[in-house]
Each structure stands twice: as structure tokens, then as C-alpha cells.
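Asks: Following this line is upload.cif, made up of mmCIF, C-alpha atoms:
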```cif
data_target
loop_
_atom_site.label_atom_id
_atom_site.label_comp_id
_atom_site.auth_asym_id
_atom_site.auth_seq_id
_atom_site.Cartn_x
_atom_site.Cartn_y
_atom_site.Cartn_z
CA MET A 49 -82.11 -26.97 -31.45
CA LYS A 50 -80.73 -26.38 -34.92
CA LYS A 51 -82.99 -23.40 -35.27
CA LEU A 52 -81.70 -21.98 -32.00
CA LEU A 53 -78.11 -22.46 -33.09
CA PHE A 54 -78.88 -20.74 -36.35
CA ILE A 55 -80.42 -17.77 -34.57
CA LEU A 56 -77.46 -17.62 -32.23
CA LEU A 57 -75.10 -17.66 -35.17
CA LEU A 58 -77.10 -14.95 -36.89
CA VAL A 59 -76.96 -12.77 -33.81
CA THR A 60 -73.21 -13.22 -33.47
CA VAL A 61 -72.58 -12.53 -37.13
CA GLN A 62 -74.70 -9.42 -36.96
CA SER A 63 -72.88 -8.08 -33.93
CA VAL A 64 -69.60 -8.62 -35.75
CA ILE A 65 -70.83 -6.84 -38.85
CA ALA A 66 -72.24 -3.86 -36.96
CA GLN A 67 -69.49 -1.29 -36.79
CA LYS A 68 -68.92 0.71 -33.70
CA TYR A 69 -67.63 4.22 -33.36
CA PHE A 70 -66.27 5.47 -30.08
CA THR A 71 -64.73 8.32 -28.16
CA ARG A 72 -63.26 8.57 -24.70
CA ASN A 73 -62.82 12.32 -24.73
CA GLY A 74 -66.07 13.83 -25.91
CA LEU A 75 -66.86 17.40 -24.92
CA THR A 76 -69.93 17.95 -22.77
CA GLY A 77 -70.58 21.47 -21.60
CA PHE A 78 -73.24 23.00 -19.48
CA LYS A 79 -74.26 26.59 -19.00
CA ALA A 80 -76.51 27.81 -16.21
CA SER A 81 -75.45 31.44 -16.10
CA THR A 82 -77.69 34.36 -15.40
CA GLY A 83 -76.40 37.55 -16.98
CA ALA A 84 -75.27 39.68 -14.09
CA PHE A 85 -73.35 37.17 -12.03
CA GLU A 86 -70.19 35.10 -12.29
CA PRO A 87 -70.78 32.64 -15.17
CA VAL A 88 -71.98 29.24 -13.96
CA GLN A 89 -70.59 26.93 -16.58
CA ALA A 90 -68.25 24.02 -16.95
CA LEU A 91 -66.70 21.82 -19.58
CA ASN A 92 -66.08 18.10 -19.48
CA ASN A 93 -63.66 16.63 -21.99
CA SER A 94 -63.77 13.07 -20.67
CA SER A 95 -67.16 11.88 -21.90
CA SER A 96 -67.28 8.36 -23.33
CA ALA A 97 -69.61 7.37 -26.11
CA ILE A 98 -70.22 4.44 -28.44
CA VAL A 99 -72.37 4.69 -31.57
CA THR A 100 -73.20 1.65 -33.69
CA SER A 101 -73.61 1.82 -37.46
CA GLU A 102 -77.36 1.44 -36.90
CA GLY A 103 -77.40 4.65 -34.92
CA LYS A 104 -77.67 3.30 -31.39
CA ILE A 105 -75.85 5.52 -28.94
CA ALA A 106 -74.64 4.96 -25.38
CA SER A 107 -72.77 7.64 -23.53
CA GLN A 108 -71.27 8.17 -20.09
CA ILE A 109 -70.56 11.59 -18.68
CA PHE A 110 -68.37 11.66 -15.61
CA ILE A 111 -69.61 14.30 -13.19
CA GLY A 112 -66.24 14.68 -11.48
CA ALA A 113 -64.68 15.61 -14.82
CA PHE A 114 -66.61 18.88 -15.20
CA LYS A 115 -64.05 21.66 -14.93
CA PHE A 116 -64.99 25.08 -13.61
CA LYS A 117 -62.90 28.23 -13.56
CA VAL A 118 -63.50 28.62 -9.84
CA ALA A 119 -62.52 25.83 -7.43
CA LEU A 120 -65.30 26.57 -4.93
CA MET A 121 -67.94 26.34 -7.63
CA GLN A 122 -66.54 23.00 -8.76
CA GLU A 123 -66.56 21.75 -5.17
CA HIS A 124 -70.18 22.81 -4.62
CA PHE A 125 -71.21 21.29 -7.94
CA ASN A 126 -69.71 17.93 -6.97
CA GLU A 127 -70.64 17.83 -3.31
CA ASN A 128 -73.88 19.78 -2.89
CA TYR A 129 -75.70 19.64 -6.20
CA MET A 130 -74.60 16.53 -8.07
CA ASP A 131 -73.41 14.34 -5.21
CA SER A 132 -70.76 12.91 -7.49
CA SER A 133 -69.38 10.35 -5.04
CA THR A 134 -72.77 8.59 -4.94
CA PHE A 135 -73.66 9.29 -8.58
CA PRO A 136 -70.30 9.49 -10.36
CA LYS A 137 -71.78 9.57 -13.85
CA ALA A 138 -74.70 10.60 -15.98
CA THR A 139 -75.67 8.32 -18.85
CA PHE A 140 -77.47 8.73 -22.13
CA LYS A 141 -78.90 5.76 -24.03
CA GLY A 142 -80.85 6.16 -27.21
CA THR A 143 -80.81 6.39 -30.97
CA ILE A 144 -79.68 8.81 -33.63
CA THR A 145 -82.47 8.77 -36.19
CA GLY A 146 -81.24 9.27 -39.70
CA PHE A 147 -77.73 8.05 -38.96
CA ASP A 148 -76.12 6.64 -42.09
CA LEU A 149 -72.42 7.36 -42.22
CA LYS A 150 -71.66 5.28 -45.31
CA ASN A 151 -73.89 7.33 -47.59
CA LEU A 152 -73.13 10.65 -46.00
CA THR A 153 -71.12 13.45 -47.52
CA GLY A 154 -70.53 16.57 -45.47
CA SER A 155 -73.02 17.03 -42.69
CA LYS A 156 -76.60 16.11 -41.91
CA ASP A 157 -79.22 17.04 -39.37
CA VAL A 158 -80.33 14.17 -37.17
CA THR A 159 -82.66 13.58 -34.25
CA LEU A 160 -81.27 12.40 -30.97
CA LYS A 161 -83.74 10.53 -28.84
CA GLY A 162 -83.28 8.61 -25.65
CA ILE A 163 -83.08 8.60 -21.88
CA LEU A 164 -80.72 10.86 -19.98
CA THR A 165 -80.05 9.61 -16.47
CA VAL A 166 -78.65 12.02 -13.90
CA LYS A 167 -78.45 11.21 -10.19
CA GLY A 168 -80.31 7.98 -10.87
CA ILE A 169 -83.32 9.75 -12.39
CA GLY A 170 -84.15 9.18 -16.05
CA LYS A 171 -85.63 11.80 -18.37
CA GLU A 172 -86.66 11.37 -21.94
CA ILE A 173 -84.79 13.68 -24.30
CA GLU A 174 -85.60 14.41 -27.92
CA THR A 175 -83.48 16.98 -29.64
CA SER A 176 -81.95 17.87 -32.97
CA GLY A 177 -78.29 17.41 -33.69
CA GLU A 178 -75.82 17.30 -36.50
CA ILE A 179 -73.40 14.71 -37.72
CA TYR A 180 -70.42 15.81 -39.73
CA LYS A 181 -68.38 13.23 -41.60
CA MET A 182 -64.70 13.79 -40.92
CA SER A 183 -63.43 10.75 -42.82
CA ASP A 184 -64.69 7.33 -43.87
CA ASN A 185 -64.31 6.05 -40.36
CA SER A 186 -64.87 9.07 -38.17
CA PHE A 187 -67.52 11.69 -37.59
CA ARG A 188 -68.49 14.48 -35.25
CA LEU A 189 -71.79 14.53 -33.41
CA THR A 190 -73.00 17.86 -32.03
CA SER A 191 -76.21 18.69 -30.25
CA SER A 192 -77.65 21.01 -27.68
CA PHE A 193 -80.64 20.67 -25.39
CA ILE A 194 -82.17 22.09 -22.25
CA VAL A 195 -82.83 20.43 -18.91
CA THR A 196 -83.87 21.88 -15.58
CA PRO A 197 -82.46 21.10 -12.12
CA GLN A 198 -85.95 19.94 -11.07
CA ASP A 199 -85.91 17.24 -13.75
CA PHE A 200 -83.36 15.41 -11.63
CA LYS A 201 -84.50 16.64 -8.21
CA ILE A 202 -81.50 18.91 -7.79
CA LYS A 203 -82.34 21.45 -5.13
CA ILE A 204 -80.93 24.95 -5.51
CA PRO A 205 -80.81 26.82 -2.17
CA SER A 206 -82.66 30.15 -2.25
CA VAL A 207 -79.43 32.03 -1.45
CA VAL A 208 -77.98 31.21 -4.84
CA ARG A 209 -81.33 30.90 -6.62
CA ARG A 210 -80.79 34.07 -8.63
CA LYS A 211 -77.29 33.11 -9.68
CA ILE A 212 -78.21 29.82 -11.30
CA ALA A 213 -80.42 29.79 -14.37
CA ARG A 214 -83.69 27.85 -14.27
CA GLU A 215 -82.84 26.23 -17.55
CA VAL A 216 -79.52 24.55 -18.06
CA ILE A 217 -78.12 24.29 -21.57
CA ILE A 218 -76.22 21.09 -22.32
CA ASP A 219 -73.90 21.10 -25.33
CA ILE A 220 -72.27 18.01 -26.71
CA ASN A 221 -69.49 17.73 -29.25
CA TYR A 222 -68.17 14.20 -29.72
CA GLU A 223 -65.63 13.12 -32.32
CA LEU A 224 -66.07 9.41 -32.79
CA LYS A 225 -63.84 7.06 -34.72
CA GLU A 226 -64.29 3.50 -35.79
CA LYS A 227 -63.38 0.82 -33.31
CA LYS A 228 -61.09 -1.74 -34.87
CA MET B 12 -52.50 66.66 16.06
CA ASN B 13 -55.51 64.75 17.27
CA LEU B 14 -57.12 65.03 13.86
CA LYS B 15 -53.99 63.77 12.20
CA LYS B 16 -53.92 60.79 14.52
CA ARG B 17 -57.54 60.00 13.71
CA ASN B 18 -56.81 60.27 10.02
CA ASN B 19 -53.94 57.88 10.44
CA VAL B 20 -56.17 55.35 12.18
CA LEU B 21 -58.79 55.71 9.48
CA PHE B 22 -56.19 55.25 6.78
CA PHE B 23 -54.78 52.18 8.49
CA GLY B 24 -58.27 50.73 8.92
CA PHE B 25 -58.97 51.33 5.27
CA ILE B 26 -55.82 49.45 4.23
CA VAL B 27 -56.69 46.51 6.53
CA LEU B 28 -60.20 46.41 5.04
CA LEU B 29 -58.76 46.37 1.53
CA ILE B 30 -56.43 43.51 2.41
CA ILE B 31 -59.32 41.53 3.91
CA LEU B 32 -61.54 42.13 0.89
CA PHE B 33 -58.72 41.16 -1.42
CA SER B 34 -58.02 37.88 0.42
CA VAL B 35 -61.73 36.99 0.52
CA TYR B 36 -61.93 37.67 -3.21
CA LYS B 37 -58.80 35.58 -3.79
CA TYR B 38 -60.25 32.73 -1.72
CA ILE B 39 -63.63 32.70 -3.46
CA TYR B 40 -62.26 32.92 -6.97
CA LYS B 41 -59.37 30.53 -6.51
CA PRO B 42 -58.96 28.32 -9.60
CA PRO B 43 -59.04 24.53 -9.12
CA LYS B 44 -55.74 22.97 -8.06
CA LYS B 45 -53.49 21.30 -10.60
CA THR B 46 -52.70 17.59 -10.26
CA GLU B 47 -49.13 18.48 -9.26
CA GLU B 48 -50.35 20.38 -6.20
CA ILE B 49 -52.73 17.72 -4.90
CA GLU B 50 -51.63 15.05 -2.45
CA VAL B 51 -52.13 11.43 -3.53
CA VAL B 52 -54.43 9.25 -1.42
CA PHE B 53 -53.40 5.95 -2.99
CA VAL B 54 -50.11 4.62 -4.31
CA GLY B 55 -49.93 1.22 -5.96
CA ASN B 56 -50.77 -0.76 -9.05
CA THR B 57 -53.92 -0.81 -11.18
CA LYS B 58 -55.10 -4.24 -9.99
CA ASP B 59 -55.05 -3.28 -6.31
CA PHE B 60 -56.84 -0.03 -7.00
CA LEU B 61 -59.57 -1.69 -9.07
CA LEU B 62 -60.26 -4.02 -6.13
CA LYS B 63 -60.49 -1.02 -3.82
CA ILE B 64 -62.82 0.99 -6.03
CA ASN B 65 -65.04 -2.06 -6.49
CA THR B 66 -65.69 -2.36 -2.79
CA GLU B 67 -65.83 1.28 -1.74
CA SER B 68 -66.66 3.08 -4.97
CA ASP B 69 -67.95 6.32 -3.42
CA LYS B 70 -64.71 7.06 -1.56
CA TRP B 71 -62.50 7.70 -4.56
CA ILE B 72 -64.30 9.97 -7.01
CA THR B 73 -62.27 13.15 -7.79
CA LYS B 74 -59.43 11.92 -5.54
CA VAL B 75 -55.89 11.93 -6.88
CA ILE B 76 -54.00 8.63 -6.98
CA GLN B 77 -50.66 7.32 -8.21
CA LEU B 78 -50.52 4.14 -10.26
CA LYS B 79 -47.74 2.05 -11.72
CA GLY B 80 -48.43 -0.10 -14.75
CA ARG B 81 -47.57 -1.22 -18.25
CA ILE B 82 -48.76 0.83 -21.21
CA SER B 83 -51.08 -1.37 -23.28
CA SER B 84 -51.87 1.27 -25.89
CA ILE B 85 -51.41 4.95 -26.60
CA GLU B 86 -54.54 6.80 -27.73
CA ASP B 87 -55.19 10.34 -28.97
CA GLU B 88 -55.71 11.90 -25.57
CA GLY B 89 -54.17 9.47 -23.17
CA LEU B 90 -52.91 5.99 -22.55
CA LEU B 91 -54.32 2.67 -21.47
CA LEU B 92 -52.54 1.15 -18.51
CA ASP B 93 -52.59 -2.67 -17.98
CA GLY B 94 -55.60 -2.86 -20.31
CA ASN B 95 -57.89 -1.73 -17.50
CA THR B 96 -57.17 1.93 -16.69
CA PHE B 97 -57.46 4.83 -19.10
CA CYS B 98 -55.40 7.88 -18.17
CA GLN B 99 -56.32 11.11 -19.93
CA PHE B 100 -53.61 13.77 -20.25
CA GLU B 101 -54.04 17.53 -20.42
CA ASN B 102 -50.58 17.96 -21.84
CA LYS B 103 -50.50 15.62 -24.81
CA SER B 104 -46.83 16.24 -25.60
CA PHE B 105 -46.05 13.67 -22.89
CA LEU B 106 -47.66 10.96 -24.98
CA THR B 107 -45.23 11.19 -27.88
CA LYS B 108 -42.35 10.35 -25.56
CA LEU B 109 -43.90 7.08 -24.41
CA LYS B 110 -43.94 3.63 -25.96
CA LYS B 111 -46.22 0.64 -25.75
CA ASP B 112 -45.22 -1.95 -23.09
CA GLN B 113 -43.22 0.64 -21.18
CA ILE B 114 -43.65 0.66 -17.39
CA VAL B 115 -44.73 4.07 -16.12
CA THR B 116 -45.96 5.71 -12.93
CA ILE B 117 -48.71 8.24 -13.39
CA LYS B 118 -50.63 10.57 -11.11
CA GLY B 119 -54.20 11.51 -11.92
CA ALA B 120 -57.72 12.18 -10.65
CA VAL B 121 -60.24 9.31 -10.47
CA ILE B 122 -63.42 10.19 -12.35
CA GLY B 123 -65.10 6.80 -12.35
CA PHE B 124 -65.48 3.37 -13.83
CA ASP B 125 -66.40 3.38 -17.50
CA ASP B 126 -68.90 0.57 -18.20
CA LEU B 127 -68.77 1.19 -21.96
CA PHE B 128 -65.09 0.33 -22.20
CA ASN B 129 -64.89 -1.67 -19.00
CA GLU B 130 -62.04 0.38 -17.62
CA LEU B 131 -61.25 2.78 -14.84
CA LYS B 132 -60.92 6.37 -15.99
CA LEU B 133 -58.50 9.01 -14.68
CA ASN B 134 -58.09 12.53 -15.98
CA GLN B 135 -55.60 15.39 -15.64
CA CYS B 136 -52.84 12.78 -15.56
CA ILE B 137 -49.16 13.55 -15.35
CA ILE B 138 -46.15 11.24 -15.64
CA ILE B 139 -44.26 10.73 -12.39
CA GLU B 140 -41.68 8.22 -13.57
CA GLN B 141 -40.85 6.50 -16.82
#
```
Would you mind writing the file's structure down as C-alpha cells?

Replies:
Amino acid sequence: MKKLLFILLLVTVQSVIAQKYFTRNGLTGFKASTGAFEPVQALNNSSSAIVTSEGKIASQIFIGAFKFKVALMQEHFNENYMDSSTFPKATFKGTITGFDLKNLTGSKDVTLKGILTVKGIGKEIETSGEIYKMSDNSFRLTSSFIVTPQDFKIKIPSVVRRKIAREVIIDINYELKEKK
Amino acid sequence: MNLKKRNNVLFFGFIVLLIILFSVYKYIYKPPKKTEEIEVVFVGNTKDFLLKINTESDKWITKVIQLKGRISSIEDEGLLLDGNTFCQFENKSFLTKLKKDQIVTIKGAVIGFDDLFNELKLNQCIIIEQ
């Protein structure tokens, strides 16, 4: 019993010590343009993310917050492709290997590894990124990686097949600050 | 005379075609509506809306609602209402005019429930009343 209490105490203490960094307005962009047509791209500035001082990351990307230049495109994205009322958000859970903000000066290349879940389907992602120390209690995390619509069983009708790229580039740019 | 008449008809037809093409183009490339232009589908307080979105979550995503509540904190890009609803603003100059504990009415688009912060999230918010 005493041992259990001790472990419990240890766990609580550790969770108090572990600092957390957060953002509610991270930038997540995606580009699926093919040269000749109207650019298929959108930007989301409402992504939430929490990173612990050990480099664990959890992020939520709200599908309905992707903004397009063209209203019809945004409507199709939400209703036909992403089904945002049933799957309102995409999530990413994983780790930033090499994350050590305390001993960082300037910027550092890191590896981002984890599971990206879109429309309820998970896909393992491993990609390079960069952290840039903005101050003692804030930093910027940037990364870019490629997914395909098939990864998440998103069907592209043949009519628009040529207008949407087979590979979709996802860019993230999150400025996180310490949670007090 | 007859030729002139035919030319006139052709010219008129051409103009009509141009107008049609232009309106189709305008329709297809219309930019998304601003929050101001969208009709609200819910008016009330944060507690009532949270109950609603809990039971019928799929009905509200991307819909515009109007909420009244007390400002619990003011953040970089928005404000926290009643400790349970985060409202993100496009126009951040609004935020400097507001104070903590003030009662405000805001209009914004529902983007979902944020499990990380345990709060409802709205974006493209505007102040209706302060």
C-alpha cells in the first residue's frame, strides 16, 4: 500500500514538473494543386497543440477551419471529401525526438514521429522538422510532410481527378508558449 | 436591312452569352462569406450550447452561432468565454477593447470541441454587443 502511494505521489510530482507548451492558433496548410488549374490549397489558423518538455506532442486540427479562397471549394472539401460534420477534426499524437528546449539556442532539426488520424483512419508519419527557440518559454515548430487521399480513403471523383494532386503537402507552423 | 437586323441579333446574343459566362464565373469563384453575412442558427449562452453540441455534435460544425458569456481570459488570438468556449478573432484589434469578467455577445463559426483544452472552439468571431 505504501509502495503504491509512493508511486502515485511520484507520478503526480512528475506530471507537475513536466512543463507543457501550447497553442490554440497553430497554422496548418495543405496544398494539392496541379499546375494548370485553380490552386487547391487552404490554410487553417485554428490548430491546437500541446507539447510536453519531454517532447510528447498532441495536436488537433479542425477540418471546418480550413479556409479556401473559393467558397465552393471550401464547401466541397467539408461536405464531399472530408465529411467534416462526422469527422470534425484530424489529430496527431506522437513525439518530437531530440526536443530539448532548455539547452537549445537558435534552432535545431528534429524528427516528428507519430500517428496522424484523419476521418477516423490512422497513418504513421515520420518526418523531419525544425524547432526554433523564440524565448525561454516559447518556440516555433515547423514541419512538412506528404500524405495521399487514399491513405484516409478519400475518394476523388474522376471529373476532378486531374485538378487535385495525388500527393498532398501538409505544412505546419506552430508557435507554442509555456502553459502557466 | 435584313443583314443589319441579323447582326443586331447576333450582337445581342453575344452580350447575353457574356453576361451568362460572367455570372457563372462569379458564382464559381465566389469567396467564402464573412461571419457578418451569415445567419445565426443558435442564440443563447455557452452552457446551453455545450449541452446541444454534446447530444447532436454533427449538426453544428461550420455553423454560425451567437453566444453571450463572461470573459474568463483574453489570449493572443481570441478570448475564453465562461471558461469553456474559446472564440478566435480575425480582427485582433477588438481584443484590446475588452476586459476580463466583462459580459459580451459574440458571433462566430463552430469548428469543434477541443479535447486538448476541454473547450468548445469558434473561429472568425466578431463582437455583437459589449

Asks: Sort by chain and increasing residue number a table of all residues of chain A within 8 Å of chain B, each with its closest pair of atoms and their distance in Å to one decimal, counting all atoms listed in the file, and write it as a Markdown table.

Replies:
```
| residue | atom | partner | partner_atom | distance |
| --- | --- | --- | --- | --- |
| A:Asn73 | CA | B:Glu88 | CA | 7.2 |
| A:Ser94 | CA | B:Asn134 | CA | 7.4 |
| A:Ser96 | CA | B:Leu127 | CA | 7.5 |
| A:Ala97 | CA | B:Leu127 | CA | 7.5 |
| A:Ile98 | CA | B:Leu127 | CA | 7.4 |
| A:Ala106 | CA | B:Leu127 | CA | 7.8 |
| A:Ser107 | CA | B:Leu127 | CA | 7.8 |
| A:Gln108 | CA | B:Asp125 | CA | 7.3 |
| A:Phe110 | CA | B:Ile122 | CA | 6.1 |
| A:Ile111 | CA | B:Ile122 | CA | 7.5 |
| A:Gly112 | CA | B:Ile122 | CA | 5.4 |
| A:Ala113 | CA | B:Ile122 | CA | 6.1 |
| A:Phe116 | CA | B:Pro43 | CA | 7.5 |
| A:Lys117 | CA | B:Pro42 | CA | 5.6 |
| A:Val118 | CA | B:Pro42 | CA | 4.6 |
| A:Ala119 | CA | B:Pro43 | CA | 4.1 |
| A:Leu120 | CA | B:Ile39 | CA | 6.5 |
| A:Gln122 | CA | B:Pro43 | CA | 7.7 |
| A:Ser132 | CA | B:Ile72 | CA | 7.1 |
| A:Ser133 | CA | B:Asp69 | CA | 4.6 |
| A:Thr134 | CA | B:Asp69 | CA | 5.5 |
| A:Pro136 | CA | B:Gly123 | CA | 6.2 |
| A:Lys137 | CA | B:Gly123 | CA | 7.4 |
```

Asks: Could you tell me which residues the PyMOL selection byres ((chain A and resi 195) around 7) grabs in this file, written as a list in words?

Replies: Phe193, Ile194, Thr196, Pro197, Asp199, Glu215, Val216 and Ile217 of chain A

Asks: Using all atoms listed in the file, which residue out of B:Gln141, B:Ser34, B:Asn129, B:Gln77 lies closest to B:Leu109?

Replies: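 Comparing B:Gln141, B:Ser34, B:Asn129, B:Gln77 against B:Leu109, the winner is B:Gln141.
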
Asks: Report, in Å with one decimal, the straight-line distance from atom CA of A:Glu223 to atom CA of A:Gly162.

Replies: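 Atom-to-atom, atom CA of A:Glu223 to atom CA of A:Gly162, that is 19.4 Å.
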
Asks: One decimal, in Å: what's the spacing between atom CA of A:Ala90 and atom CA of A:Lys211?

Replies: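 Calculated distance between atom CA of A:Ala90 and atom CA of A:Lys211 is 14.7 Å.
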
Asks: Can you measure atom CA of A:Ser101 to atom CA of A:Leu152 for me? One decimal in Å is fine.

Replies: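 The value is 12.3 Å.
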
Asks: Which one of A:Ala66, A:Ala80, A:Leu224, A:Leu91 sits closest to A:Ser186 if you count only C-alpha atoms?

Replies: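 That would be A:Leu224, the residue with the smallest distance to A:Ser186.
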
Asks: Could you list the residues chosen by the PyMOL selection byres ((chain A and resi 81) around 12) in this structure as a PDB file with C-alpha atoms, in the frame of the given file?

Replies:
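Result file is part.pdb:
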```
ATOM      1  CA  PHE A  78     -73.240  23.000 -19.480  1.00  0.00           C
ATOM      2  CA  LYS A  79     -74.260  26.590 -19.000  1.00  0.00           C
ATOM      3  CA  ALA A  80     -76.510  27.810 -16.210  1.00  0.00           C
ATOM      4  CA  THR A  82     -77.690  34.360 -15.400  1.00  0.00           C
ATOM      5  CA  GLY A  83     -76.400  37.550 -16.980  1.00  0.00           C
ATOM      6  CA  ALA A  84     -75.270  39.680 -14.090  1.00  0.00           C
ATOM      7  CA  PHE A  85     -73.350  37.170 -12.030  1.00  0.00           C
ATOM      8  CA  GLU A  86     -70.190  35.100 -12.290  1.00  0.00           C
ATOM      9  CA  PRO A  87     -70.780  32.640 -15.170  1.00  0.00           C
ATOM     10  CA  VAL A  88     -71.980  29.240 -13.960  1.00  0.00           C
ATOM     11  CA  GLN A  89     -70.590  26.930 -16.580  1.00  0.00           C
ATOM     12  CA  ALA A  90     -68.250  24.020 -16.950  1.00  0.00           C
ATOM     13  CA  VAL A 208     -77.980  31.210  -4.840  1.00  0.00           C
ATOM     14  CA  ARG A 209     -81.330  30.900  -6.620  1.00  0.00           C
ATOM     15  CA  ARG A 210     -80.790  34.070  -8.630  1.00  0.00           C
ATOM     16  CA  LYS A 211     -77.290  33.110  -9.680  1.00  0.00           C
ATOM     17  CA  ILE A 212     -78.210  29.820 -11.300  1.00  0.00           C
ATOM     18  CA  ALA A 213     -80.420  29.790 -14.370  1.00  0.00           C
ATOM     19  CA  ARG A 214     -83.690  27.850 -14.270  1.00  0.00           C
ATOM     20  CA  GLU A 215     -82.840  26.230 -17.550  1.00  0.00           C
ATOM     21  CA  VAL A 216     -79.520  24.550 -18.060  1.00  0.00           C
ATOM     22  CA  ILE A 217     -78.120  24.290 -21.570  1.00  0.00           C
TER      23      ILE A 217
END
```

Asks: Name all residues at most 7 Å from B:Asn56 (count only C-alpha atoms; drop same-chain ones fewer than 5 positions away) and give them as JSON, numbers by chain.

Replies: {"B": [78, 79, 80]}

Asks: Take the PyMOL selection byres ((chain A and resi 158) around 10), run it mentally on this structure, and tell me the resulting residues as a PyMOL selection string.

Replies: chain A and resi 143-148+155-157+159-161+175-179+189-191

Asks: Counting only C-alpha atoms, which residue out of B:Phe53, B:Thr46, B:Lys37, B:Ile76 sits closest to B:Ile137?

Replies: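 When distances to B:Ile137 are compared using only C-alpha atoms, the smallest one comes from B:Thr46.
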